[in-house]
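Engineer: Structure in structure tokens, see below.
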Amino acid sequence: MLLLLLGILFLHVAVLVLLFVSTIVSQWLVGNGHTTDLWQNCTTFASGAVQHCYSSSASEWLQSVQATMILSVIFSVLSLFLFFCQLFTLTKGGRFYITGFFQILGGLCVMSAAAIYTVRHSEWHVNSEYSYGFAYILAWVAFPLALLSGIIYVILRKRE
């Protein structure tokens with residue numbers, strides 16, 4: 001049982017790290033010495049040094065992506081906190097429904113953020129020389145892992 005709990009905890013922390021990195025790092029779109037993320041557009045030299053950073057546009061779709069990514073991080077942190085609370089207060093045989101619900105909700109938030117960004121980023125950068133960066137890919141990787149850990153929480157029963 002201890003090994004199972006450690007595995008679930010490791011999966012949850014991995015999802016949290018993926019969500020934090022994909023929300024913070026400036027690598028959602030890359031190309032031609034430019035990197036963009038949810039917060040700013042940066043121009044870089046060939047050596048890798050940052051030359052200029054400008055705030056991202058204030059379009060509604062980008063703000064919705066920012067909000068849902070922040071919500072996914074909040075829901076996942078809340079889920080981890082609830083897991084520890086339920087681990088010590090839940091009766092024997094009880095299920096971790098609340099923990100699983102918030103983790104699944106966090107996974108759905110990151111999925112909706114990445115989907116909105118996929119559909120609408122062409123309005124922001126019409127240049128076809130851009131490609132998706134690693135932070136964008138990490139957001140898509142966090143989605144199934146968050147759903148998987150949420151489903152595991154819902155199925156999991158507390159034992160002694």
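So you can find residues: chains in the structure tokens are A, B, ... in the order shown, residues in each start at 1, and ligands are numbered from 1 in order.
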Need to verify the contact set: Leu147 (chain A), 7 Å, only C-alpha atoms, exclusion of same-chain residues closer than 4 positions in sequence. Can you return it as a VMD selection string?

Structural biologist: chain A and resid 103 to 104 107 143 151

Engineer: Please, which residues in region 68-101 of chain A fall within 12 Å of region 34-43 of chain A when counting only C-alpha atoms, and what is the closest atom pair and distance in Å to one decimal for each, ordered by chain then residue number, as a tab-separated table?

Structural biologist:
residue	atom	partner	partner_atom	distance
A:Thr68	CA	A:Leu38	CA	11.1
A:Met69	CA	A:Leu38	CA	9.3
A:Ile70	CA	A:Leu38	CA	10.7

Engineer: Please, what distance in Å, to one decimal, runs between CA of Leu62 (chain A) and CA of Phe102 (chain A)?

Structural biologist: 23.5 Å

Engineer: Could you tell me, as a VMD selection string, which residues of region 49-149 of chain A DSSP assigns to helix (DSSP H, G or I) when given the backbone?

Structural biologist: chain A and resid 60 to 89 97 to 124 134 to 149

Engineer: Find, counting only C-alpha atoms, the residue in A:Leu82, A:Val73, A:Val65, A:Leu6 that gets nearest to Leu19 (chain A).

Structural biologist: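 Ranked by minimum distance to Leu19 (chain A), first place goes to A:Val73.
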
Engineer: Figure out the distance between CA of Thr23 (chain A) and CA of Leu5 (chain A), please, to one decimal in Å.

Structural biologist: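 About the pair CA of Leu5 (chain A) and CA of Thr23 (chain A): they are 26.9 Å apart.
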
Engineer: Between A:Met111, A:Leu105, A:Val15, A:Ile98, which one has atoms that come closest to Phe84 (chain A), using only C-alpha atoms?

Structural biologist: A:Ile98

Engineer: Using only C-alpha atoms for the distances, tell me which of A:Gly106, A:Gly7, A:Pro144, A:Gly33 is nearest to Ser72 (chain A).

Structural biologist: A:Gly106

Engineer: What does the distance from CA of Cys109 (chain A) to CA of Ser55 (chain A) come to in Å, to one decimal?

Structural biologist: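 CA of Ser55 (chain A) lies at a distance of 23.3 Å from CA of Cys109 (chain A).
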